>>> print(open('query_6.csv').read())   # CSV, N, CA and C atoms
chain,number,residue,atom,x,y,z
A,16,MET,N,131.9,115.2,158.9
A,16,MET,CA,133.0,114.3,158.5
A,16,MET,C,132.4,112.9,157.9
A,17,LEU,N,131.3,112.4,158.6
A,17,LEU,CA,130.7,111.2,158.1
A,17,LEU,C,130.1,111.4,156.7
A,18,ARG,N,129.5,112.5,156.5
A,18,ARG,CA,128.9,112.8,155.2
A,18,ARG,C,130.0,112.9,154.1
A,19,ALA,N,131.2,113.4,154.5
A,19,ALA,CA,132.3,113.5,153.5
A,19,ALA,C,132.8,112.1,153.2
A,20,LEU,N,132.9,111.3,154.2
A,20,LEU,CA,133.5,109.9,154.0
A,20,LEU,C,132.5,108.9,153.3
A,21,PHE,N,131.2,108.9,153.8
A,21,PHE,CA,130.3,107.9,153.4
A,21,PHE,C,129.0,108.5,152.8
A,22,GLY,N,128.9,109.8,152.7
A,22,GLY,CA,127.6,110.4,152.3
A,22,GLY,C,126.5,110.1,153.3
A,23,ALA,N,126.9,110.0,154.6
A,23,ALA,CA,125.9,109.6,155.6
A,23,ALA,C,125.9,110.6,156.7
A,24,THR,N,124.8,110.8,157.3
A,24,THR,CA,124.6,111.6,158.5
A,24,THR,C,124.8,110.8,159.8
A,25,PRO,N,125.0,111.4,160.9
A,25,PRO,CA,125.0,110.6,162.2
A,25,PRO,C,123.8,109.7,162.3
A,26,SER,N,122.6,110.2,161.9
A,26,SER,CA,121.4,109.4,162.0
A,26,SER,C,121.5,108.2,161.1
A,27,ASP,N,122.1,108.3,159.9
A,27,ASP,CA,122.3,107.1,159.0
A,27,ASP,C,123.2,106.1,159.7
A,28,LEU,N,124.2,106.6,160.3
A,28,LEU,CA,125.2,105.7,161.0
A,28,LEU,C,124.5,105.0,162.2
A,29,GLY,N,123.7,105.8,162.9
A,29,GLY,CA,122.9,105.2,164.0
A,29,GLY,C,122.0,104.1,163.6
A,30,LEU,N,121.3,104.3,162.5
A,30,LEU,CA,120.4,103.3,161.9
A,30,LEU,C,121.1,102.1,161.5
A,31,LEU,N,122.3,102.3,160.9
A,31,LEU,CA,123.2,101.2,160.5
A,31,LEU,C,123.5,100.3,161.7
A,32,VAL,N,123.9,101.0,162.8
A,32,VAL,CA,124.3,100.2,164.0
A,32,VAL,C,123.1,99.4,164.5
A,33,ILE,N,122.0,100.0,164.6
A,33,ILE,CA,120.8,99.3,165.1
A,33,ILE,C,120.4,98.2,164.2
A,34,ARG,N,120.4,98.4,162.9
A,34,ARG,CA,120.1,97.4,161.9
A,34,ARG,C,121.1,96.2,162.0
A,35,LEU,N,122.4,96.5,162.0
A,35,LEU,CA,123.4,95.5,162.1
A,35,LEU,C,123.3,94.7,163.4
A,36,PHE,N,123.2,95.3,164.5
A,36,PHE,CA,123.2,94.6,165.8
A,36,PHE,C,121.9,93.8,165.9
A,37,PHE,N,120.8,94.5,165.8
A,37,PHE,CA,119.5,93.8,166.1
A,37,PHE,C,119.2,92.7,165.0
A,38,GLY,N,119.5,93.1,163.7
A,38,GLY,CA,119.2,92.2,162.6
A,38,GLY,C,120.0,90.9,162.7
A,39,SER,N,121.3,91.1,162.8
A,39,SER,CA,122.2,89.9,162.8
A,39,SER,C,122.0,89.1,164.1
A,40,SER,N,121.8,89.8,165.2
A,40,SER,CA,121.6,89.1,166.5
A,40,SER,C,120.3,88.3,166.4
A,41,LEU,N,119.2,88.9,165.9
A,41,LEU,CA,117.9,88.1,165.8
A,41,LEU,C,118.1,86.9,164.9
A,42,ALA,N,118.7,87.1,163.7
A,42,ALA,CA,118.9,86.1,162.8
A,42,ALA,C,119.8,84.9,163.3
A,43,LEU,N,120.9,85.3,163.8
A,43,LEU,CA,121.9,84.2,164.2
A,43,LEU,C,121.6,83.6,165.6
A,44,ALA,N,121.3,84.4,166.5
A,44,ALA,CA,121.1,83.9,167.9
A,44,ALA,C,119.7,83.3,168.2
A,45,HIS,N,118.7,83.7,167.4
A,45,HIS,CA,117.4,83.2,167.6
A,45,HIS,C,116.7,82.6,166.4
A,46,GLY,N,116.8,83.2,165.3
A,46,GLY,CA,116.1,82.7,164.1
A,46,GLY,C,116.7,81.5,163.5
A,47,PHE,N,118.0,81.4,163.5
A,47,PHE,CA,118.7,80.3,162.8
A,47,PHE,C,118.3,78.9,163.3
A,48,ALA,N,118.2,78.7,164.6
A,48,ALA,CA,117.9,77.4,165.1
A,48,ALA,C,116.4,77.1,164.8
A,49,LYS,N,115.6,78.1,164.7
A,49,LYS,CA,114.2,77.8,164.3
A,49,LYS,C,114.1,77.5,162.8
A,50,PHE,N,114.9,78.2,162.1
A,50,PHE,CA,114.8,78.1,160.6
A,50,PHE,C,115.3,76.7,160.2
A,51,VAL,N,116.3,76.1,160.8
A,51,VAL,CA,116.8,74.8,160.4
A,51,VAL,C,115.9,73.7,160.9
A,52,ASP,N,115.0,74.0,161.9
A,52,ASP,CA,114.1,73.0,162.4
A,52,ASP,C,112.7,73.6,162.6
A,53,LEU,N,112.1,74.1,161.5
A,53,LEU,CA,110.8,74.7,161.5
A,53,LEU,C,109.7,73.8,162.1
A,54,GLY,N,109.8,72.6,161.8
A,54,GLY,CA,108.8,71.6,162.4
A,54,GLY,C,108.9,71.5,163.9
A,55,GLY,N,110.2,71.4,164.3
A,55,GLY,CA,110.4,71.2,165.8
A,55,GLY,C,110.0,72.5,166.5
A,56,PHE,N,110.2,73.6,166.0
A,56,PHE,CA,109.7,74.9,166.6
A,56,PHE,C,108.2,74.9,166.7
A,57,ALA,N,107.6,74.5,165.6
A,57,ALA,CA,106.1,74.5,165.5
A,57,ALA,C,105.6,73.5,166.6
A,58,ASP,N,106.2,72.4,166.8
A,58,ASP,CA,105.8,71.4,167.8
A,58,ASP,C,106.0,72.0,169.2
A,59,LYS,N,107.1,72.8,169.4
A,59,LYS,CA,107.4,73.4,170.7
A,59,LYS,C,106.3,74.4,171.1
A,60,ILE,N,105.7,75.1,170.2
A,60,ILE,CA,104.7,76.2,170.5
A,60,ILE,C,103.3,75.7,170.2
A,61,ALA,N,103.1,74.4,169.9
A,61,ALA,CA,101.8,73.9,169.5
A,61,ALA,C,100.8,74.2,170.6
A,62,ASN,N,101.2,74.1,171.9
A,62,ASN,CA,100.2,74.3,173.0
A,62,ASN,C,100.0,75.7,173.3
A,63,LYS,N,100.7,76.6,172.6
A,63,LYS,CA,100.6,78.1,173.0
A,63,LYS,C,99.9,78.9,171.9
A,64,VAL,N,99.9,78.5,170.7
A,64,VAL,CA,99.3,79.2,169.6
A,64,VAL,C,98.4,78.4,168.7
A,65,PRO,N,97.4,78.9,168.2
A,65,PRO,CA,96.6,78.2,167.2
A,65,PRO,C,97.4,78.1,165.8
A,66,LEU,N,97.2,77.1,165.0
A,66,LEU,CA,97.8,77.0,163.7
A,66,LEU,C,99.3,77.0,163.9
A,67,ALA,N,99.9,76.3,164.9
A,67,ALA,CA,101.3,76.4,165.1
A,67,ALA,C,102.1,75.8,163.9
A,68,GLY,N,101.5,75.0,163.2
A,68,GLY,CA,102.2,74.4,162.0
A,68,GLY,C,102.4,75.5,160.9
A,69,VAL,N,101.6,76.6,161.0
A,69,VAL,CA,101.8,77.7,160.0
A,69,VAL,C,102.5,78.8,160.7
A,70,LEU,N,102.1,79.2,161.9
A,70,LEU,CA,102.6,80.4,162.6
A,70,LEU,C,104.1,80.1,163.1
A,71,GLY,N,104.4,78.9,163.5
A,71,GLY,CA,105.7,78.5,164.0
A,71,GLY,C,106.8,78.8,162.9
A,72,PRO,N,106.6,78.1,161.7
A,72,PRO,CA,107.5,78.4,160.6
A,72,PRO,C,107.5,79.9,160.2
A,73,ALA,N,106.4,80.5,160.2
A,73,ALA,CA,106.4,81.9,159.8
A,73,ALA,C,107.2,82.8,160.8
A,74,ALA,N,107.2,82.4,162.1
A,74,ALA,CA,108.0,83.1,163.1
A,74,ALA,C,109.5,82.8,162.9
A,75,GLY,N,109.8,81.6,162.6
A,75,GLY,CA,111.2,81.2,162.3
A,75,GLY,C,111.7,81.9,161.1
A,76,LEU,N,110.9,82.0,160.1
A,76,LEU,CA,111.3,82.7,158.8
A,76,LEU,C,111.5,84.2,159.1
A,77,SER,N,110.5,84.7,159.9
A,77,SER,CA,110.6,86.2,160.2
A,77,SER,C,111.8,86.5,161.0
A,78,GLU,N,112.2,85.7,161.9
A,78,GLU,CA,113.4,86.0,162.8
A,78,GLU,C,114.7,85.8,162.0
A,79,PHE,N,114.8,84.7,161.2
A,79,PHE,CA,116.0,84.5,160.5
A,79,PHE,C,116.1,85.3,159.2
A,80,VAL,N,115.2,85.2,158.3
A,80,VAL,CA,115.3,85.9,157.0
A,80,VAL,C,115.0,87.4,157.3
A,81,GLY,N,114.0,87.7,158.1
A,81,GLY,CA,113.8,89.1,158.5
A,81,GLY,C,115.0,89.8,159.1
A,82,GLY,N,115.6,89.1,160.0
A,82,GLY,CA,116.8,89.6,160.7
A,82,GLY,C,117.9,89.9,159.7
A,83,LEU,N,118.2,88.9,158.8
A,83,LEU,CA,119.2,89.2,157.8
A,83,LEU,C,118.9,90.4,156.9
A,84,LEU,N,117.6,90.5,156.5
A,84,LEU,CA,117.2,91.6,155.7
A,84,LEU,C,117.4,92.9,156.4
A,85,LEU,N,117.0,92.9,157.7
A,85,LEU,CA,117.3,94.2,158.4
A,85,LEU,C,118.7,94.5,158.5
A,86,ALA,N,119.6,93.6,158.8
A,86,ALA,CA,121.0,93.8,158.9
A,86,ALA,C,121.5,94.4,157.5
A,87,LEU,N,121.1,93.8,156.4
A,87,LEU,CA,121.5,94.3,155.1
A,87,LEU,C,120.9,95.6,154.7
A,88,GLY,N,119.7,95.9,155.3
A,88,GLY,CA,119.0,97.1,154.8
A,88,GLY,C,118.3,96.8,153.5
A,89,LEU,N,117.8,95.6,153.3
A,89,LEU,CA,117.2,95.2,152.1
A,89,LEU,C,115.7,94.8,152.4
A,90,PHE,N,114.8,95.4,151.6
A,90,PHE,CA,113.4,95.2,151.9
A,90,PHE,C,113.1,95.5,153.4
A,91,THR,N,113.8,96.6,153.8
A,91,THR,CA,113.9,96.9,155.3
A,91,THR,C,112.5,97.1,155.9
A,92,ARG,N,111.7,97.9,155.4
A,92,ARG,CA,110.4,98.2,156.1
A,92,ARG,C,109.5,97.0,156.1
A,93,PRO,N,109.3,96.2,155.0
A,93,PRO,CA,108.6,95.0,155.2
A,93,PRO,C,109.2,94.0,156.2
A,94,ALA,N,110.5,93.9,156.2
A,94,ALA,CA,111.2,93.0,157.1
A,94,ALA,C,110.9,93.5,158.6
A,95,ALA,N,111.0,94.8,158.8
A,95,ALA,CA,110.8,95.3,160.1
A,95,ALA,C,109.4,95.1,160.6
A,96,PHE,N,108.4,95.2,159.6
A,96,PHE,CA,107.0,95.0,160.0
A,96,PHE,C,106.8,93.5,160.5
A,97,PHE,N,107.4,92.6,159.7
A,97,PHE,CA,107.2,91.1,160.1
A,97,PHE,C,107.9,90.8,161.4
A,98,VAL,N,109.1,91.4,161.6
A,98,VAL,CA,109.8,91.2,162.9
A,98,VAL,C,109.0,91.8,164.0
A,99,LEU,N,108.4,93.0,163.8
A,99,LEU,CA,107.6,93.7,164.8
A,99,LEU,C,106.4,92.8,165.2
A,100,VAL,N,105.7,92.3,164.2
A,100,VAL,CA,104.6,91.4,164.5
A,100,VAL,C,105.0,90.2,165.3
A,101,THR,N,106.1,89.5,164.8
A,101,THR,CA,106.6,88.3,165.4
A,101,THR,C,107.0,88.6,166.9
A,102,MET,N,107.7,89.6,167.1
A,102,MET,CA,108.2,89.9,168.5
A,102,MET,C,107.1,90.4,169.4
A,103,SER,N,106.1,91.0,168.8
A,103,SER,CA,105.0,91.4,169.6
A,103,SER,C,104.2,90.2,170.1
A,104,VAL,N,104.0,89.3,169.2
A,104,VAL,CA,103.3,88.0,169.5
A,104,VAL,C,104.1,87.3,170.6
A,105,ALA,N,105.4,87.2,170.4
A,105,ALA,CA,106.3,86.6,171.4
A,105,ALA,C,106.2,87.2,172.8
A,106,GLY,N,106.2,88.5,172.8
A,106,GLY,CA,106.2,89.3,174.1
A,106,GLY,C,104.9,89.3,174.8
A,107,PHE,N,103.8,89.5,174.0
A,107,PHE,CA,102.5,89.7,174.6
A,107,PHE,C,101.7,88.4,174.7
A,108,TYR,N,102.0,87.4,173.9
A,108,TYR,CA,101.2,86.2,173.8
A,108,TYR,C,102.0,84.9,174.3
A,109,ILE,N,103.1,84.6,173.6
A,109,ILE,CA,103.9,83.4,174.0
A,109,ILE,C,104.4,83.5,175.4
A,110,HIS,N,104.9,84.7,175.8
A,110,HIS,CA,105.5,84.9,177.1
A,110,HIS,C,104.6,85.7,178.0
A,111,ALA,N,103.3,85.6,177.8
A,111,ALA,CA,102.3,86.4,178.5
A,111,ALA,C,102.4,86.1,180.0
A,112,ALA,N,102.5,84.9,180.4
A,112,ALA,CA,102.5,84.5,181.8
A,112,ALA,C,103.9,84.6,182.4
A,113,ASP,N,104.9,84.8,181.6
A,113,ASP,CA,106.3,84.9,182.1
A,113,ASP,C,106.6,86.2,182.8
A,114,PRO,N,107.6,86.2,183.7
A,114,PRO,CA,108.0,87.5,184.2
A,114,PRO,C,108.6,88.5,183.1
A,115,PHE,N,108.6,89.7,183.5
A,115,PHE,CA,109.1,90.7,182.5
A,115,PHE,C,110.4,90.4,181.9
A,116,MET,N,111.3,89.9,182.7
A,116,MET,CA,112.7,89.6,182.3
A,116,MET,C,112.7,88.6,181.1
A,117,LYS,N,111.7,87.7,181.1
A,117,LYS,CA,111.6,86.8,180.0
A,117,LYS,C,111.0,87.4,178.7
A,118,LYS,N,110.2,88.4,178.9
A,118,LYS,CA,109.6,89.2,177.8
A,118,LYS,C,110.5,90.3,177.2
A,119,GLU,N,111.4,90.7,178.0
A,119,GLU,CA,112.1,92.0,177.7
A,119,GLU,C,112.8,91.9,176.4
A,120,LEU,N,113.5,90.8,176.0
A,120,LEU,CA,114.2,90.7,174.8
A,120,LEU,C,113.3,90.8,173.6
A,121,ALA,N,112.1,90.1,173.7
A,121,ALA,CA,111.2,90.2,172.6
A,121,ALA,C,110.8,91.7,172.4
A,122,PHE,N,110.5,92.4,173.5
A,122,PHE,CA,110.1,93.8,173.4
A,122,PHE,C,111.3,94.7,172.9
A,123,ALA,N,112.5,94.3,173.2
A,123,ALA,CA,113.6,95.1,172.7
A,123,ALA,C,113.7,94.9,171.2
A,124,TYR,N,113.6,93.7,170.7
A,124,TYR,CA,113.6,93.5,169.2
A,124,TYR,C,112.4,94.2,168.6
A,125,ALA,N,111.2,94.1,169.2
A,125,ALA,CA,110.1,94.8,168.7
A,125,ALA,C,110.3,96.3,168.6
A,126,SER,N,110.9,96.9,169.6
A,126,SER,CA,111.2,98.3,169.6
A,126,SER,C,112.1,98.7,168.5
A,127,ALA,N,113.2,97.9,168.3
A,127,ALA,CA,114.1,98.2,167.3
A,127,ALA,C,113.4,98.1,165.9
A,128,ALA,N,112.6,97.1,165.7
A,128,ALA,CA,111.9,96.9,164.5
A,128,ALA,C,111.0,98.1,164.2
A,129,LEU,N,110.3,98.6,165.3
A,129,LEU,CA,109.4,99.7,165.1
A,129,LEU,C,110.1,101.0,164.8
A,130,ALA,N,111.3,101.2,165.4
A,130,ALA,CA,112.1,102.4,165.1
A,130,ALA,C,112.5,102.3,163.6
A,131,ILE,N,113.0,101.2,163.1
A,131,ILE,CA,113.4,101.0,161.8
A,131,ILE,C,112.2,101.2,160.8
A,132,LEU,N,111.1,100.6,161.2
A,132,LEU,CA,109.9,100.8,160.4
A,132,LEU,C,109.5,102.2,160.2
A,133,ILE,N,109.6,103.0,161.2
A,133,ILE,CA,109.3,104.4,161.2
A,133,ILE,C,110.3,105.2,160.4
A,134,ALA,N,111.6,105.0,160.8
A,134,ALA,CA,112.7,105.8,160.3
A,134,ALA,C,113.2,105.4,158.9
A,135,GLY,N,113.0,104.1,158.6
A,135,GLY,CA,113.5,103.6,157.3
A,135,GLY,C,115.0,103.1,157.6
A,136,PRO,N,115.6,102.6,156.5
A,136,PRO,CA,116.9,102.0,156.7
A,136,PRO,C,118.1,102.9,156.8
A,137,GLY,N,117.9,104.2,156.4
A,137,GLY,CA,119.1,105.1,156.3
A,137,GLY,C,119.8,105.0,155.0
A,138,SER,N,120.7,105.8,154.8
A,138,SER,CA,121.4,105.8,153.5
A,138,SER,C,122.4,104.7,153.3
A,139,LEU,N,122.9,104.1,154.4
A,139,LEU,CA,123.9,103.1,154.4
A,139,LEU,C,123.1,101.7,154.4
A,140,SER,N,122.4,101.5,153.3
A,140,SER,CA,121.6,100.3,153.2
A,140,SER,C,121.5,99.9,151.7
A,141,LEU,N,121.2,98.6,151.5
A,141,LEU,CA,121.0,98.2,150.1
A,141,LEU,C,119.8,98.8,149.5
A,142,ASP,N,118.7,99.0,150.3
A,142,ASP,CA,117.5,99.7,149.8
A,142,ASP,C,117.9,101.0,149.1
A,143,ARG,N,118.7,101.8,149.8
A,143,ARG,CA,119.1,103.1,149.3
A,143,ARG,C,120.1,103.0,148.1
A,144,ARG,N,120.9,102.0,148.1
A,144,ARG,CA,121.9,101.9,147.0
A,144,ARG,C,121.2,101.5,145.7
A,145,GLY,N,120.1,100.9,145.7
A,145,GLY,CA,119.4,100.4,144.5
A,145,GLY,C,118.6,101.5,143.8
A,146,GLY,N,118.3,102.6,144.6
A,146,GLY,CA,117.4,103.6,144.0
A,146,GLY,C,117.9,104.9,144.1
>>> encode(input="query_6.csv", output="structure tokens")
Amino acid sequence: MLRALFGATPSDLGLLVIRLFFGSSLALAHGFAKFVDLGGFADKIANKVPLAGVLGPAAGLSEFVGGLLLALGLFTRPAAFFVLVTMSVAGFYIHAADPFMKKELAFAYASAALAILIAGPGSLSLDRRGG
């Protein structure tokens, strides 16, 4: 029935749900605040990472722009790669000394990004509409 309505399989619909939820949530709940104050975020992590003036803004851009791109399914695999790297650094490095509950969200975003990186965006994406 999905294929008849949208030209999509259940897997395509599942990928759409993952992209929309994780992408928009990452962009709006986490990335937006960093994106509008890239310098402030860099200052916040300055004692945790080298080159915070470069890596902080890169993380903010990855979360906000990468999250939006994932939600749209546009440049999906590159966006998923950058989100995966950013969330892996957050989970394994920034929150290294924190309890698992503090790391868990970063690992959830990293897992979703890895799944999308492997599977691709699905047919219900802007990447698939252009080609």
>>> residues_around(input="query_6.csv", residues="Ala48 in chain A", least_positions_apart="5", cutoff="8 Å", atoms="all atoms listed in the file", output="PyMOL selection string")
chain A and resi 42-43+53+56+75+79
>>> atom_distance(input="query_6.csv", atom1="CA of Pro93 in chain A", atom2="atom N of Ala134 in chain A")
11.8 Å
>>> atom_distance(input="query_6.csv", atom1="CA of Asp113 in chain A", atom2="CA of Leu83 in chain A")
27.8 Å
>>> atom_distance(input="query_6.csv", atom1="CA of Val32 in chain A", atom2="CA of Gly81 in chain A")
16.2 Å
>>> closest_residue(input="query_6.csv", among="A:Leu139, A:Leu28, A:Ile131, A:Leu76", to="His45 in chain A", atoms="only C-alpha atoms")
A:Leu76
>>> residues_around(input="query_6.csv", residues="Gly55 in chain A", least_positions_apart="5", cutoff="12 Å", atoms="only C-alpha atoms", output="list in words")
Ala48, Lys49, Phe50, Ile60, Ala61, Ala67, Gly68, Gly71, Pro72 and Gly75 of chain A
>>> closest_residue(input="query_6.csv", among="A:Gly38, A:Asp142, A:Lys117, A:Gly22", to="Phe90 in chain A", atoms="only C-alpha atoms")
A:Asp142
>>> residues_around(input="query_6.csv", residues="Met102 in chain A", least_positions_apart="3", cutoff="7 Å", atoms="all atoms listed in the file", output="ChimeraX atom specification")
/A:97-99,105-107,121-122,124-125
>>> select_by_dssp(input="query_6.csv", residues="chain A", states="alpha helix (DSSP H)", output="MDAnalysis selection string")
chainID A and resid 17:21 25:40 47:51 53:60 67:87 91:104 115:134 141:145
>>> closest_residue(input="query_6.csv", among="A:Leu30, A:Ala73, A:Leu41, A:Ala94", to="Gly135 in chain A", atoms="all atoms listed in the file")
A:Leu30
>>> residues_near_point(input="query_6.csv", point="(122.4, 95.6, 157.4)", cutoff="8 Å", atoms="only N, CA and C atoms", output="PyMOL selection string")
chain A and resi 30-36+38-39+82-89+139-141
>>> closest_residue(input="query_6.csv", among="A:Pro114, A:Glu119, A:Thr91, A:Thr101", to="Leu132 in chain A", atoms="only C-alpha atoms")
A:Thr91
>>> decode(input="query_6.csv", residues="range 91-110 of chain A", atoms="C-alpha atoms", output="CSV table (one decimal), in the first residue's frame")
chain,number,residue,atom,x,y,z
A,91,THR,CA,22.3,12.8,3.6
A,92,ARG,CA,25.4,10.6,3.8
A,93,PRO,CA,27.9,13.5,4.2
A,94,ALA,CA,25.6,15.1,6.8
A,95,ALA,CA,25.3,11.7,8.6
A,96,PHE,CA,29.1,11.3,8.6
A,97,PHE,CA,29.7,14.7,10.2
A,98,VAL,CA,26.9,14.1,12.8
A,99,LEU,CA,28.4,10.7,13.6
A,100,VAL,CA,31.9,12.2,14.1
A,101,THR,CA,30.5,15.1,16.2
A,102,MET,CA,28.3,12.8,18.4
A,103,SER,CA,31.1,10.3,18.8
A,104,VAL,CA,33.5,13.0,20.0
A,105,ALA,CA,30.7,14.2,22.4
A,106,GLY,CA,30.0,10.8,23.8
A,107,PHE,CA,33.6,9.4,24.0
A,108,TYR,CA,35.6,12.6,24.7
A,109,ILE,CA,33.5,15.6,25.9
A,110,HIS,CA,31.4,13.4,28.3
